[in-house]
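Participant: Next up, protein.cif (mmCIF, N, CA and C atoms).
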data_final
#
loop_
_atom_site.label_atom_id
_atom_site.label_comp_id
_atom_site.auth_asym_id
_atom_site.auth_seq_id
_atom_site.Cartn_x
_atom_site.Cartn_y
_atom_site.Cartn_z
N MET D 1 -1.85 -27.10 -122.00
CA MET D 1 -1.45 -26.69 -123.32
C MET D 1 -0.51 -27.73 -123.90
N THR D 2 -0.73 -28.12 -125.14
CA THR D 2 0.11 -29.10 -125.81
C THR D 2 1.07 -28.39 -126.75
N TYR D 3 2.32 -28.74 -126.62
CA TYR D 3 3.34 -28.18 -127.50
C TYR D 3 3.72 -29.23 -128.53
N GLN D 4 3.97 -28.78 -129.73
CA GLN D 4 4.39 -29.69 -130.78
C GLN D 4 5.79 -29.34 -131.21
N LEU D 5 6.59 -30.36 -131.31
CA LEU D 5 7.95 -30.21 -131.80
C LEU D 5 7.95 -30.54 -133.28
N LYS D 6 8.56 -29.72 -134.07
CA LYS D 6 8.65 -30.00 -135.51
C LYS D 6 9.94 -30.72 -135.78
N LEU D 7 9.82 -31.89 -136.34
CA LEU D 7 10.96 -32.71 -136.70
C LEU D 7 11.31 -32.41 -138.15
N GLN D 8 12.55 -32.06 -138.39
CA GLN D 8 12.98 -31.78 -139.76
C GLN D 8 14.10 -32.73 -140.13
N VAL D 9 13.87 -33.47 -141.19
CA VAL D 9 14.85 -34.44 -141.66
C VAL D 9 15.15 -34.13 -143.12
N PRO D 10 16.37 -33.74 -143.41
CA PRO D 10 16.70 -33.43 -144.80
C PRO D 10 16.72 -34.70 -145.66
N ILE D 11 15.99 -34.66 -146.77
CA ILE D 11 15.98 -35.76 -147.73
C ILE D 11 16.04 -35.16 -149.13
N SER D 12 16.42 -35.97 -150.06
CA SER D 12 16.53 -35.47 -151.43
C SER D 12 15.13 -35.22 -152.00
N GLU D 13 15.08 -34.37 -152.99
CA GLU D 13 13.80 -34.08 -153.65
C GLU D 13 13.24 -35.35 -154.29
N GLU D 14 14.13 -36.15 -154.86
CA GLU D 14 13.70 -37.40 -155.50
C GLU D 14 13.03 -38.33 -154.49
N LEU D 15 13.66 -38.50 -153.31
CA LEU D 15 13.08 -39.35 -152.28
C LEU D 15 11.76 -38.77 -151.78
N ASN D 16 11.70 -37.47 -151.60
CA ASN D 16 10.48 -36.81 -151.16
C ASN D 16 9.33 -37.06 -152.14
N ASN D 17 9.62 -36.94 -153.43
CA ASN D 17 8.58 -37.18 -154.44
C ASN D 17 8.11 -38.63 -154.41
N LYS D 18 9.05 -39.56 -154.26
CA LYS D 18 8.68 -40.98 -154.18
C LYS D 18 7.85 -41.25 -152.92
N LEU D 19 8.23 -40.63 -151.81
CA LEU D 19 7.48 -40.81 -150.57
C LEU D 19 6.05 -40.27 -150.69
N LYS D 20 5.90 -39.10 -151.27
CA LYS D 20 4.57 -38.52 -151.45
C LYS D 20 3.69 -39.42 -152.31
N LYS D 21 4.26 -39.93 -153.39
CA LYS D 21 3.51 -40.80 -154.29
C LYS D 21 3.11 -42.09 -153.58
N LYS D 22 4.05 -42.69 -152.87
CA LYS D 22 3.78 -43.95 -152.17
C LYS D 22 2.76 -43.73 -151.05
N ALA D 23 2.87 -42.62 -150.35
CA ALA D 23 1.92 -42.31 -149.27
C ALA D 23 0.50 -42.25 -149.81
N LYS D 24 0.32 -41.58 -150.90
CA LYS D 24 -1.01 -41.47 -151.50
C LYS D 24 -1.52 -42.83 -151.99
N GLU D 25 -0.60 -43.63 -152.58
CA GLU D 25 -0.98 -44.97 -153.07
C GLU D 25 -1.54 -45.85 -151.96
N VAL D 26 -0.99 -45.74 -150.76
CA VAL D 26 -1.43 -46.61 -149.67
C VAL D 26 -2.43 -45.94 -148.74
N GLY D 27 -2.88 -44.75 -149.11
CA GLY D 27 -3.98 -44.12 -148.37
C GLY D 27 -3.62 -43.10 -147.31
N PHE D 28 -2.37 -42.67 -147.25
CA PHE D 28 -1.99 -41.64 -146.30
C PHE D 28 -2.17 -40.27 -146.95
N SER D 29 -2.48 -39.29 -146.12
CA SER D 29 -2.68 -37.94 -146.65
C SER D 29 -1.36 -37.21 -146.87
N SER D 30 -0.30 -37.65 -146.19
CA SER D 30 0.99 -36.98 -146.32
C SER D 30 2.11 -37.88 -145.82
N VAL D 31 3.33 -37.48 -146.11
CA VAL D 31 4.49 -38.18 -145.59
C VAL D 31 4.55 -37.99 -144.08
N ASN D 32 4.17 -36.81 -143.61
CA ASN D 32 4.17 -36.56 -142.16
C ASN D 32 3.27 -37.54 -141.42
N GLU D 33 2.16 -37.91 -142.01
CA GLU D 33 1.25 -38.86 -141.37
C GLU D 33 1.92 -40.22 -141.20
N ILE D 34 2.69 -40.63 -142.20
CA ILE D 34 3.43 -41.90 -142.11
C ILE D 34 4.46 -41.81 -140.99
N VAL D 35 5.19 -40.71 -140.92
CA VAL D 35 6.22 -40.55 -139.90
C VAL D 35 5.59 -40.55 -138.51
N ARG D 36 4.46 -39.86 -138.33
CA ARG D 36 3.79 -39.86 -137.02
C ARG D 36 3.36 -41.27 -136.63
N LEU D 37 2.81 -42.02 -137.58
CA LEU D 37 2.38 -43.39 -137.32
C LEU D 37 3.58 -44.26 -136.94
N LEU D 38 4.65 -44.14 -137.70
CA LEU D 38 5.87 -44.90 -137.44
C LEU D 38 6.41 -44.60 -136.04
N LEU D 39 6.55 -43.34 -135.71
CA LEU D 39 7.12 -42.96 -134.42
C LEU D 39 6.21 -43.35 -133.25
N THR D 40 4.92 -43.19 -133.42
CA THR D 40 3.97 -43.57 -132.37
C THR D 40 4.05 -45.07 -132.09
N ASN D 41 4.06 -45.87 -133.14
CA ASN D 41 4.15 -47.32 -132.96
C ASN D 41 5.50 -47.73 -132.39
N PHE D 42 6.54 -47.03 -132.74
CA PHE D 42 7.87 -47.34 -132.22
C PHE D 42 7.93 -47.11 -130.72
N VAL D 43 7.47 -45.96 -130.25
CA VAL D 43 7.54 -45.67 -128.81
C VAL D 43 6.57 -46.53 -128.00
N ASN D 44 5.52 -47.03 -128.63
CA ASN D 44 4.56 -47.89 -127.93
C ASN D 44 4.92 -49.37 -128.04
N ASN D 45 6.13 -49.65 -128.50
CA ASN D 45 6.63 -51.02 -128.65
C ASN D 45 5.79 -51.88 -129.58
N ASN D 46 5.12 -51.27 -130.53
CA ASN D 46 4.36 -52.00 -131.53
C ASN D 46 5.16 -52.19 -132.81
N LEU D 47 6.37 -51.67 -132.81
CA LEU D 47 7.23 -51.73 -133.98
C LEU D 47 8.65 -52.01 -133.51
N VAL D 48 9.28 -52.97 -134.12
CA VAL D 48 10.67 -53.29 -133.80
C VAL D 48 11.49 -53.04 -135.05
N ILE D 49 12.54 -52.30 -134.89
CA ILE D 49 13.44 -52.02 -136.00
C ILE D 49 14.75 -52.73 -135.73
N SER D 50 15.22 -53.46 -136.71
CA SER D 50 16.51 -54.12 -136.55
C SER D 50 17.33 -53.92 -137.81
N PHE D 51 18.62 -53.94 -137.63
CA PHE D 51 19.53 -53.77 -138.73
C PHE D 51 20.31 -55.07 -138.89
N VAL D 52 20.33 -55.57 -140.10
CA VAL D 52 21.00 -56.83 -140.38
C VAL D 52 22.06 -56.59 -141.44
N SER D 53 23.26 -56.99 -141.13
CA SER D 53 24.34 -56.88 -142.10
C SER D 53 24.34 -58.11 -142.98
N LYS D 54 24.65 -57.92 -144.23
CA LYS D 54 24.77 -59.06 -145.12
C LYS D 54 26.12 -59.71 -144.83
N LEU D 55 26.05 -60.96 -144.48
CA LEU D 55 27.25 -61.68 -144.09
C LEU D 55 27.67 -62.67 -145.16
N GLY D 56 28.93 -62.88 -145.29
CA GLY D 56 29.44 -63.91 -146.19
C GLY D 56 29.51 -65.22 -145.41
N PHE D 57 29.02 -66.29 -145.97
CA PHE D 57 29.01 -67.57 -145.28
C PHE D 57 29.90 -68.56 -146.00
N GLU D 58 30.61 -69.33 -145.21
CA GLU D 58 31.38 -70.43 -145.78
C GLU D 58 30.41 -71.56 -146.08
N ASN D 59 30.67 -72.32 -147.10
CA ASN D 59 29.78 -73.41 -147.49
C ASN D 59 29.50 -74.36 -146.34
N SER D 60 30.49 -74.60 -145.47
CA SER D 60 30.30 -75.54 -144.38
C SER D 60 29.27 -75.05 -143.36
N ASN D 61 29.08 -73.74 -143.26
CA ASN D 61 28.13 -73.19 -142.29
C ASN D 61 26.72 -73.05 -142.84
N ILE D 62 26.57 -73.07 -144.14
CA ILE D 62 25.27 -72.81 -144.74
C ILE D 62 24.24 -73.86 -144.32
N ASP D 63 24.61 -75.13 -144.32
CA ASP D 63 23.67 -76.18 -143.93
C ASP D 63 23.24 -76.02 -142.47
N ASN D 64 24.19 -75.67 -141.60
CA ASN D 64 23.85 -75.45 -140.19
C ASN D 64 22.90 -74.27 -140.04
N LEU D 65 23.16 -73.20 -140.77
CA LEU D 65 22.30 -72.03 -140.71
C LEU D 65 20.91 -72.34 -141.24
N LYS D 66 20.84 -73.10 -142.32
CA LYS D 66 19.54 -73.49 -142.87
C LYS D 66 18.73 -74.27 -141.85
N GLN D 67 19.39 -75.16 -141.12
CA GLN D 67 18.70 -75.97 -140.11
C GLN D 67 18.20 -75.08 -138.96
N ILE D 68 19.02 -74.16 -138.51
CA ILE D 68 18.63 -73.25 -137.43
C ILE D 68 17.43 -72.42 -137.85
N ILE D 69 17.47 -71.91 -139.06
CA ILE D 69 16.38 -71.08 -139.57
C ILE D 69 15.11 -71.90 -139.72
N ALA D 70 15.23 -73.10 -140.26
CA ALA D 70 14.06 -73.96 -140.44
C ALA D 70 13.41 -74.28 -139.09
N GLU D 71 14.23 -74.58 -138.09
CA GLU D 71 13.70 -74.86 -136.76
C GLU D 71 13.03 -73.63 -136.16
N GLY D 72 13.63 -72.46 -136.39
CA GLY D 72 13.04 -71.22 -135.89
C GLY D 72 11.69 -70.94 -136.53
N LEU D 73 11.57 -71.21 -137.82
CA LEU D 73 10.29 -71.02 -138.51
C LEU D 73 9.23 -71.97 -137.99
N VAL D 74 9.61 -73.21 -137.73
CA VAL D 74 8.65 -74.18 -137.19
C VAL D 74 8.16 -73.72 -135.82
N GLU D 75 9.07 -73.30 -134.96
CA GLU D 75 8.68 -72.82 -133.62
C GLU D 75 7.76 -71.62 -133.73
N TYR D 76 8.06 -70.72 -134.65
CA TYR D 76 7.23 -69.53 -134.84
C TYR D 76 5.83 -69.92 -135.31
N LYS D 77 5.76 -70.80 -136.31
CA LYS D 77 4.47 -71.21 -136.85
C LYS D 77 3.64 -71.99 -135.83
N GLU D 78 4.31 -72.73 -134.94
CA GLU D 78 3.61 -73.50 -133.92
C GLU D 78 3.25 -72.66 -132.70
N GLY D 79 3.65 -71.39 -132.71
CA GLY D 79 3.31 -70.49 -131.61
C GLY D 79 4.22 -70.61 -130.40
N LYS D 80 5.33 -71.31 -130.54
CA LYS D 80 6.26 -71.47 -129.42
C LYS D 80 7.07 -70.20 -129.18
N THR D 81 7.18 -69.38 -130.20
CA THR D 81 7.86 -68.09 -130.07
C THR D 81 7.08 -67.06 -130.86
N LYS D 82 7.14 -65.81 -130.42
CA LYS D 82 6.39 -64.75 -131.09
C LYS D 82 7.29 -63.88 -131.94
N LYS D 83 8.58 -64.14 -131.92
CA LYS D 83 9.51 -63.28 -132.64
C LYS D 83 10.53 -64.12 -133.38
N LEU D 84 10.71 -63.83 -134.63
CA LEU D 84 11.77 -64.47 -135.40
C LEU D 84 13.04 -63.68 -135.16
N ASN D 85 14.11 -64.35 -134.88
CA ASN D 85 15.36 -63.68 -134.57
C ASN D 85 16.30 -63.59 -135.76
N PHE D 86 15.76 -63.69 -136.95
CA PHE D 86 16.55 -63.56 -138.16
C PHE D 86 15.67 -62.92 -139.21
N SER D 87 16.28 -62.34 -140.20
CA SER D 87 15.49 -61.66 -141.22
C SER D 87 14.98 -62.65 -142.25
N LYS D 88 13.80 -62.37 -142.81
CA LYS D 88 13.24 -63.22 -143.85
C LYS D 88 14.13 -63.20 -145.09
N SER D 89 14.76 -62.06 -145.36
CA SER D 89 15.62 -61.98 -146.53
C SER D 89 16.85 -62.88 -146.35
N LEU D 90 17.36 -62.96 -145.13
CA LEU D 90 18.48 -63.85 -144.85
C LEU D 90 18.03 -65.28 -145.07
N HIS D 91 16.85 -65.62 -144.58
CA HIS D 91 16.30 -66.96 -144.76
C HIS D 91 16.17 -67.28 -146.25
N SER D 92 15.59 -66.38 -147.00
CA SER D 92 15.41 -66.61 -148.45
C SER D 92 16.75 -66.77 -149.14
N GLN D 93 17.71 -65.94 -148.78
CA GLN D 93 19.02 -66.00 -149.41
C GLN D 93 19.68 -67.35 -149.13
N LEU D 94 19.60 -67.83 -147.91
CA LEU D 94 20.23 -69.09 -147.58
C LEU D 94 19.54 -70.27 -148.23
N ILE D 95 18.22 -70.22 -148.30
CA ILE D 95 17.48 -71.32 -148.90
C ILE D 95 17.76 -71.40 -150.41
N GLU D 96 17.93 -70.24 -151.04
CA GLU D 96 18.17 -70.20 -152.48
C GLU D 96 19.59 -70.59 -152.84
N ASP D 97 20.55 -70.41 -151.93
CA ASP D 97 21.97 -70.71 -152.22
C ASP D 97 22.20 -72.18 -152.44
#
In structure tokens, write the structure found in this file.
Facilitator:
Amino acid sequence: MTYQLKLQVPISEELNNKLKKKAKEVGFSSVNEIVRLLLTNFVNNNLVISFVSKLGFENSNIDNLKQIIAEGLVEYKEGKTKKLNFSKSLHSQLIED
């Protein structure tokens, strides 16, 4: 016999409406279907979640960070590594500065 646990996460009505609309736009039948997919992929190590804080950088460090990021992207594109250890938004922010 299979038991199902019901997960309840309180969210605002506004967020719920946006989630329902977005779910339908991308082909999901419900928000619950997205959550099941997300959780299944997370426990099967097919999804990595990371949290990145926005950091303030001194001008002297920006060039060094740009070089590190550029080298990381080259290694990733050449297949030397399978995981980027920095966020794309951080990369974009540093390149644009």
Participant: Grab the atom N of Gln4 in chain D to atom C of Thr40 in chain D distance for me, in Å with one decimal place.
Facilitator: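 Interatomic distance here is 16.5 Å.
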Participant: Kindly give the distance, in Å, that separates atom N of Leu38 in chain D and atom N of Leu7 in chain D, rounded to a single decimal.
Facilitator: 13.4 Å
Participant: What is the distance, in Å and to one decimal place, between CA of Val43 in chain D and atom C of Lys20 in chain D?
Facilitator: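 CA of Val43 in chain D sits 24.6 Å away from atom C of Lys20 in chain D.
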Participant: Could you list, as a PyMOL selection string, every residue within 12 Å of range 13-17 of chain D, counting only C-alpha atoms and ignoring same-chain residues fewer than 6 positions away?
Facilitator: chain D and resi 23-24+30-32
